[in-house]
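S.K.: Below is the file start-v5.txt, with compact mmCIF, C-alpha atoms.
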# COMPACT_ATOMS: atom_id res chain seq x y z
CA MET Q 24 86.20 30.39 -14.84
CA ARG Q 25 85.10 29.40 -11.38
CA SER Q 26 87.70 29.80 -8.72
CA LEU Q 27 88.81 26.85 -6.68
CA ILE Q 28 87.40 27.19 -3.18
CA ARG Q 29 89.24 25.06 -0.66
CA TYR Q 30 87.15 23.32 1.94
CA THR Q 31 88.80 23.14 5.32
CA HIS Q 32 87.23 19.76 6.09
CA PRO Q 33 87.81 17.30 3.25
CA ARG Q 34 84.79 15.07 2.68
CA GLY Q 35 85.03 11.43 1.73
CA SER Q 36 88.78 11.49 1.68
CA LEU Q 37 90.55 8.32 0.73
CA LEU Q 38 92.76 7.39 3.59
CA PRO Q 39 95.95 5.73 2.47
CA ALA Q 40 96.07 2.00 2.89
CA PHE Q 41 99.04 2.21 5.19
CA GLY Q 42 96.83 3.28 8.03
CA PHE Q 43 98.28 6.68 8.80
CA SER Q 44 96.46 8.36 11.60
CA SER Q 45 95.99 11.65 9.73
CA PRO Q 46 94.98 12.02 6.03
CA VAL Q 47 97.61 13.14 3.58
CA PRO Q 48 97.57 16.89 2.95
CA TRP Q 49 96.20 16.70 -0.57
CA THR Q 50 93.05 14.60 -0.02
CA GLY Q 51 90.87 17.70 0.13
CA LEU Q 52 92.35 18.87 -3.15
CA GLU Q 53 91.05 15.76 -4.93
CA ASN Q 54 87.46 16.69 -4.16
CA ASP Q 55 88.02 20.30 -5.09
CA ILE Q 56 89.50 19.42 -8.46
CA ASP Q 57 86.57 17.10 -9.18
CA ARG Q 58 84.05 19.80 -8.34
CA TRP Q 59 85.90 22.33 -10.45
CA PHE Q 60 85.87 20.01 -13.45
CA GLU Q 61 82.16 19.44 -13.07
CA SER Q 62 81.28 23.13 -12.81
CA THR Q 63 83.54 24.20 -15.66
CA LEU Q 64 82.35 21.54 -18.06
CA SER Q 65 78.70 22.24 -17.35
CA ASP Q 66 79.31 25.88 -18.29
CA PHE Q 67 80.39 24.80 -21.76
CA LEU Q 68 77.02 23.20 -22.37
CA SER Q 69 74.75 26.18 -21.82
CA PRO Q 70 72.57 26.32 -24.95
CA ALA Q 71 72.15 30.05 -24.66
CA LEU Q 72 75.84 30.51 -25.29
CA GLU Q 73 76.20 27.91 -28.01
CA ASN Q 74 75.52 28.75 -31.61
CA ARG Q 75 74.45 25.19 -32.42
CA PHE Q 76 71.05 23.65 -31.81
CA PRO Q 77 69.77 20.07 -32.05
CA VAL Q 78 68.50 18.96 -35.48
CA ASP Q 79 66.64 15.82 -36.46
CA LEU Q 80 66.59 14.39 -39.97
CA TYR Q 81 63.60 12.33 -41.19
CA GLU Q 82 62.39 11.13 -44.55
CA ASP Q 83 59.43 9.43 -46.12
CA LYS Q 84 58.74 8.37 -49.68
CA ASP Q 85 58.27 11.85 -51.10
CA HIS Q 86 59.98 14.26 -48.74
CA THR Q 87 63.00 14.84 -46.55
CA TYR Q 88 62.28 16.65 -43.28
CA VAL Q 89 64.58 18.61 -41.03
CA ARG Q 90 63.44 19.59 -37.52
CA ALA Q 91 65.42 22.04 -35.42
CA ASP Q 92 64.97 23.01 -31.75
CA LEU Q 93 64.90 26.80 -31.80
CA PRO Q 94 62.94 28.06 -28.82
CA GLY Q 95 62.48 31.78 -28.25
CA VAL Q 96 63.18 33.07 -31.77
CA ASP Q 97 60.95 35.37 -33.82
CA ARG Q 98 59.78 33.98 -37.15
CA GLN Q 99 61.29 36.88 -39.07
CA ASP Q 100 64.65 36.19 -37.43
CA ILE Q 101 64.81 32.70 -38.92
CA ASN Q 102 66.25 32.20 -42.40
CA VAL Q 103 66.37 28.95 -44.25
CA GLU Q 104 68.53 28.55 -47.34
CA MET Q 105 69.10 25.68 -49.70
CA VAL Q 106 72.43 25.73 -51.54
CA ASN Q 107 74.04 22.84 -53.39
CA GLY Q 108 72.50 20.04 -51.39
CA TYR Q 109 73.08 21.78 -48.05
CA LEU Q 110 70.27 23.25 -46.00
CA THR Q 111 71.43 26.15 -43.85
CA ILE Q 112 69.25 27.24 -40.95
CA GLY Q 113 70.13 30.57 -39.38
CA ALA Q 114 68.42 32.35 -36.53
CA THR Q 115 68.98 35.34 -34.28
CA ARG Q 116 67.92 35.02 -30.69
CA LYS Q 117 67.35 38.39 -29.11
CA ALA Q 118 67.47 38.77 -25.36
CA LYS Q 119 65.70 41.82 -24.07
CA GLY Q 120 67.36 43.37 -21.08
CA PRO Q 121 67.30 46.68 -19.24
CA GLU Q 122 70.74 47.46 -20.61
CA GLY Q 123 69.56 47.16 -24.19
CA GLY Q 124 69.57 43.43 -24.75
CA GLU Q 125 71.90 41.14 -26.63
CA SER Q 126 71.52 39.00 -29.69
CA PHE Q 127 73.01 35.61 -30.41
CA ALA Q 128 73.48 34.30 -33.93
CA LEU Q 129 72.72 30.62 -34.40
CA SER Q 130 73.55 28.73 -37.53
CA ARG Q 131 73.73 25.15 -38.70
CA SER Q 132 74.15 23.48 -42.09
CA VAL Q 133 72.78 20.03 -42.77
CA ALA Q 134 73.66 17.90 -45.79
CA ILE Q 135 70.45 16.74 -47.46
CA PRO Q 136 70.83 13.11 -48.51
CA GLU Q 137 68.63 13.14 -51.61
CA ASP Q 138 68.10 15.50 -54.49
CA VAL Q 139 65.30 17.90 -53.67
CA HIS Q 140 63.31 20.58 -55.46
CA ALA Q 141 65.03 23.59 -53.93
CA ASP Q 142 62.26 25.96 -55.01
CA LYS Q 143 59.52 23.92 -53.36
CA VAL Q 144 61.04 23.80 -49.88
CA SER Q 145 58.70 24.99 -47.12
CA ALA Q 146 59.16 25.61 -43.41
CA ALA Q 147 56.91 25.96 -40.36
CA TYR Q 148 57.71 27.10 -36.83
CA GLU Q 149 55.62 25.75 -33.98
CA ASN Q 150 56.26 25.64 -30.22
CA GLY Q 151 59.85 26.58 -30.75
CA VAL Q 152 60.55 23.81 -33.30
CA LEU Q 153 61.26 24.62 -36.94
CA THR Q 154 60.19 21.92 -39.43
CA VAL Q 155 61.58 22.21 -42.96
CA THR Q 156 59.91 20.07 -45.64
CA LEU Q 157 61.97 19.31 -48.75
CA PRO Q 158 60.18 17.52 -51.62
CA LYS Q 159 62.37 14.91 -53.27
CA LYS Q 160 63.05 15.02 -56.97
CA GLU Q 161 61.45 12.28 -59.04
CA GLU Q 162 64.64 10.37 -59.68
CA ALA Q 163 65.43 10.32 -55.95
CA LYS Q 164 62.16 8.59 -55.05
CA PRO Q 165 62.52 4.85 -54.56
CA ARG Q 166 61.61 3.07 -57.76
CA LYS Q 167 61.88 -0.57 -58.42
CA VAL Q 168 63.85 -1.33 -61.56
CA THR Q 169 63.89 -4.93 -62.72
CA VAL Q 170 67.10 -5.88 -64.45
CA GLU Q 171 66.98 -8.72 -66.89
CA VAL Q 172 69.91 -11.05 -66.73
CA LYS Q 173 70.94 -12.44 -70.06
CA MET G 84 88.22 10.96 -8.27
CA SER G 85 84.72 9.58 -8.04
CA ARG G 86 83.49 12.96 -9.26
CA LEU G 87 85.37 12.48 -12.52
CA GLN G 88 83.41 9.30 -13.05
CA ASN G 89 80.26 11.38 -12.98
CA LEU G 90 81.54 13.27 -16.00
CA VAL G 91 78.68 11.86 -18.06
CA SER G 92 75.99 13.63 -16.06
CA PRO G 93 76.90 17.23 -16.96
CA PHE G 94 76.88 16.27 -20.63
CA ALA G 95 73.57 14.47 -20.45
CA ARG G 96 71.96 17.02 -18.13
CA ARG G 97 69.92 14.25 -16.59
CA SER G 98 68.53 14.82 -13.14
CA PRO G 99 68.95 11.89 -10.72
CA ALA G 100 65.35 11.03 -9.84
CA PRO G 101 65.13 7.52 -8.42
CA ASP G 102 61.48 7.95 -7.45
CA THR G 103 60.12 8.57 -10.95
CA ALA G 104 60.20 5.77 -13.48
CA GLU G 105 60.58 8.12 -16.44
CA ALA G 106 63.93 9.49 -17.55
CA THR G 107 63.97 13.27 -17.68
CA VAL G 108 66.32 15.91 -18.95
CA ARG G 109 66.97 19.21 -17.27
CA PRO G 110 66.17 22.05 -19.67
CA TRP G 111 68.23 25.20 -19.97
CA PHE G 112 66.97 27.85 -17.59
CA GLU G 113 67.86 31.25 -16.26
CA LEU G 114 66.89 32.91 -12.99
CA LYS G 115 67.12 36.67 -12.68
CA GLU G 116 66.47 38.54 -9.48
CA THR G 117 64.74 41.87 -9.11
CA PRO G 118 63.83 43.50 -5.79
CA GLU G 119 60.21 42.37 -6.17
CA ALA G 120 60.43 38.96 -7.78
CA TRP G 121 62.47 36.25 -9.47
CA GLY G 122 62.23 35.99 -13.25
CA LEU G 123 62.50 32.43 -14.55
CA THR G 124 63.11 31.64 -18.22
CA VAL G 125 63.09 28.00 -19.32
CA TYR G 126 63.71 26.73 -22.84
CA LEU G 127 61.23 23.95 -23.60
CA PRO G 128 61.32 23.41 -27.38
CA GLY G 129 58.41 21.39 -28.70
CA VAL G 130 56.33 21.80 -25.56
CA ALA G 131 52.87 23.33 -25.81
CA LYS G 132 50.52 24.38 -23.03
CA ASP G 133 48.89 20.97 -22.77
CA GLY G 134 52.26 19.31 -22.31
CA LEU G 135 53.35 21.70 -19.58
CA GLU G 136 52.84 21.15 -15.86
CA ILE G 137 54.00 23.47 -13.11
CA THR G 138 53.52 22.28 -9.54
CA ALA G 139 54.37 23.92 -6.26
CA GLU G 140 54.44 21.91 -3.07
CA GLU G 141 56.34 21.98 0.22
CA GLY G 142 58.51 24.88 -0.73
CA ARG G 143 59.48 23.29 -4.07
CA ILE G 144 58.58 24.32 -7.59
CA THR G 145 58.69 21.71 -10.37
CA VAL G 146 58.30 22.42 -14.07
CA ARG G 147 57.59 19.42 -16.31
CA GLY G 148 57.29 19.67 -20.06
CA ARG G 149 56.48 16.96 -22.54
CA ARG G 150 56.65 17.21 -26.31
CA GLN G 151 53.32 16.33 -27.90
CA TRP G 152 54.62 15.94 -31.44
CA LYS G 153 55.03 12.42 -32.75
CA ALA G 154 56.54 11.63 -36.14
CA PRO G 155 53.73 10.83 -38.60
CA ALA G 156 53.47 7.27 -39.90
CA GLY G 157 55.75 6.74 -42.85
CA TRP G 158 58.52 8.96 -41.54
CA THR G 159 61.88 7.28 -41.02
CA ALA G 160 64.30 8.92 -38.62
CA LEU G 161 67.70 9.22 -40.28
CA TYR G 162 69.44 11.23 -37.58
CA ARG G 163 68.22 12.37 -34.15
CA GLU G 164 69.69 14.93 -31.78
CA SER G 165 66.76 16.37 -29.89
CA PRO G 166 65.98 14.60 -26.62
CA GLU G 167 63.03 12.23 -26.53
CA ALA G 168 62.78 12.45 -22.73
CA ALA G 169 60.50 14.88 -20.94
CA TYR G 170 61.95 18.07 -19.49
CA GLU G 171 61.98 18.45 -15.75
CA LEU G 172 63.26 21.33 -13.68
CA SER G 173 62.85 21.44 -9.94
CA PHE G 174 64.17 23.76 -7.30
CA SER G 175 63.36 24.56 -3.70
CA HIS G 176 62.51 28.08 -2.69
CA ASP G 177 61.94 27.43 0.99
CA ASN G 178 58.80 29.58 1.09
CA THR G 179 60.57 32.71 -0.10
CA ILE G 180 58.14 32.85 -3.05
CA ASP G 181 54.49 33.81 -2.91
CA VAL G 182 53.18 30.78 -4.80
CA GLY G 183 49.69 32.18 -5.25
CA LYS G 184 50.96 35.15 -7.25
CA ILE G 185 53.12 33.26 -9.74
CA HIS G 186 52.49 34.41 -13.28
CA ALA G 187 53.71 32.25 -16.17
CA GLU G 188 53.38 32.18 -19.94
CA LEU G 189 54.60 29.76 -22.59
CA VAL G 190 55.32 31.21 -26.02
CA ASP G 191 57.21 29.49 -28.85
CA GLY G 192 58.73 26.89 -26.56
CA VAL G 193 59.94 29.40 -23.96
CA LEU G 194 58.41 29.50 -20.48
CA ARG G 195 58.70 32.88 -18.80
CA ALA G 196 57.52 32.99 -15.22
CA SER G 197 57.52 35.73 -12.65
CA LEU G 198 57.90 34.40 -9.11
CA PRO G 199 57.04 37.20 -6.68
CA LYS G 200 58.99 37.22 -3.47
CA ALA G 201 57.06 36.54 -0.31
CA GLU G 202 56.29 39.61 1.78
CA ALA G 203 58.26 38.31 4.73
CA ILE G 204 61.58 38.35 2.95
CA LYS G 205 61.31 41.70 1.25
CA PRO G 206 63.59 44.26 2.85
CA ARG G 207 61.67 46.59 5.09
CA LYS G 208 62.67 49.53 7.14
CA ILE G 209 62.28 49.27 10.88
CA ALA G 210 61.37 52.47 12.70
CA VAL G 211 63.32 53.23 15.79
CA ASN G 212 61.61 55.06 18.58
Mind converting the file's structure to C-alpha cells?

M.R.:
Amino acid sequence: MRSLIRYTHPRGSLLPAFGFSSPVPWTGLENDIDRWFESTLSDFLSPALENRFPVDLYEDKDHTYVRADLPGVDRQDINVEMVNGYLTIGATRKAKGPEGGESFALSRSVAIPEDVHADKVSAAYENGVLTVTLPKKEEAKPRKVTVEVK
Amino acid sequence: MSRLQNLVSPFARRSPAPDTAEATVRPWFELKETPEAWGLTVYLPGVAKDGLEITAEEGRITVRGRRQWKAPAGWTALYRESPEAAYELSFSHDNTIDVGKIHAELVDGVLRASLPKAEAIKPRKIAVN
C-alpha cells in the first residue's frame, strides 16, 4: 500500500465560496486522497499479479474458437482441458531472477456454447496468443429443418 | 475530487495522446535497474516483429505494437476481452540511456530490451591528488 505523502502546497484547491482569504486546512488532503486512490487501484490491475487473462470466444459454422492472451509462457507450461462443456486453460508463467525466480499460476475456465468433439480439440500458441479450435458435433451445426404445419 | 472522476483511466490503461488519432492502450511493463543498464520487459500479446516499432527521439523512447492477426472470414465474435487497440508505451530517459547500444528481442509476445546506461551517468571514482 502506498503511503499518503502530504504536499505542503495544495494544488488546484477549491476555495470555499464564502471568499475566505486562506484555504480551509483540508483542501490539500482532497488531492492527496485522489492520488492515493489512483495509485492503489492501478496496482490491482497489474497483469503479472493477476491469475486471469483476456479470452475471446469466436465461432463459425463448424468450429468454436477460444483465443487467450498468454504472453511469455513456455508451450510445455500450458495445459488445455475439456471437461463437461467447460474448457480450462492453465498456464505457469516463470520469471527468472537472480534470487531463483518465481512462478505464477494462471487459470481460466470458459463455458463452450455448443457440443464439441472433445477428442478432436487442437491448440496453437503464436506470438503469445493461444488459439484453441473445438470442432462442433454434427447436431450442433446449424441445420435448416422445415416443419410442416397441418 | 476531480481525480476520482478520472477513475476510468486506470482501469482502461489508456494513455492520453491528443496528437495521435489512434486510440492506444498502455501494455504491462517492468523496468529493472542494474549498475550497467535498465532491463525493460513489456507484454505485447499478439504482436510479432513486423507489428513492433521502437523509436528513440529527443530523450524519449516509444514502443508501439500492433496485432497483425485478423479473424478469418466466417468467424463470428461471441465474446471479446482482448484489446483491439494498438499498444503504446512511452517514457523519457533524459539522455541517461545510450540509445545506440539498445538491444531488444521479441519472443512469444514478450519484448525484452536492455537499455545500457550512458557513460556520463555511471558512477565513477574521482582521484584526489

S.K.: Please indicate the distance in Å from CA of Leu157 (chain Q) to CA of Val133 (chain Q), rounded to one decimal place.

M.R.: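 Between CA of Leu157 (chain Q) and CA of Val133 (chain Q) the gap works out to 12.4 Å.
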
S.K.: Show me, as a VMD selection string, the residues that have an atom within 7 Å of Gly129 (chain G) when counting only C-alpha atoms, minus same-chain residues fewer than 3 positions from it.

M.R.: (chain Q and resid 150 to 152) or (chain G and resid 150 192)

S.K.: Using the selection just defined, write its residues with C-alpha atoms as a JSON list (two decimals), keeping the file's coordinate frame.

M.R.:
[["chain", "number", "residue", "atom", "x", "y", "z"],
["Q", 150, "ASN", "CA", 56.26, 25.64, -30.22],
["Q", 151, "GLY", "CA", 59.85, 26.58, -30.75],
["Q", 152, "VAL", "CA", 60.55, 23.81, -33.30],
["G", 150, "ARG", "CA", 56.65, 17.21, -26.31],
["G", 192, "GLY", "CA", 58.73, 26.89, -26.56]]

S.K.: Could the residues of chain G within 6 Å of chain Q, counting only C-alpha atoms, be given as a ChimeraX atom specification, please?

M.R.: /G:86-87,93,128-129,157-165,191-193

S.K.: Could you work out how far CA of Thr145 (chain G) lies from CA of Leu114 (chain G), giving the answer in Å with one decimal?

M.R.: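 Computed distance, CA of Leu114 (chain G) to CA of Thr145 (chain G), equals 14.1 Å.
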
S.K.: G:Asn212, G:Val182, G:Gly122, G:Ala203: which is nearest Ile137 (chain G), counting all atoms listed in the file?

M.R.: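 Smallest separation from Ile137 (chain G) among the options: G:Val182.
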
S.K.: Between CA of Arg109 (chain G) and CA of Gln151 (chain G), measure the distance and give it in Å to one decimal.

M.R.: 17.5 Å

S.K.: Which residues come within 9 Å of Val144 (chain Q), counting all atoms listed in the file, excluding same-chain residues fewer than 6 positions away, as a PDB file with C-alpha atoms, in the frame of the given file?

M.R.:
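After the write, out-v9.pdb holds the following:
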ATOM      1  CA  MET Q 105      69.100  25.680 -49.700  1.00  0.00           C
ATOM      2  CA  VAL Q 155      61.580  22.210 -42.960  1.00  0.00           C
ATOM      3  CA  THR Q 156      59.910  20.070 -45.640  1.00  0.00           C
ATOM      4  CA  LEU Q 157      61.970  19.310 -48.750  1.00  0.00           C
ATOM      5  CA  PRO Q 158      60.180  17.520 -51.620  1.00  0.00           C
TER       6      PRO Q 158
END

S.K.: Could you give me, as a PyMOL selection string, the residues that have an atom at most 10 Å away from the point (55.6, 24.5, -5.3) in the coordinates of the file, using only C-alpha atoms?

M.R.: chain G and resi 137-146+173-178+180-183

S.K.: May I ask which of the residues G:Trp121, G:Tyr170, G:Tyr126, G:Trp152 is the closest one to Glu105 (chain G), counting all atoms listed in the file?

M.R.: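 Looking only at the distances to Glu105 (chain G), the closest residue turns out to be G:Tyr170.
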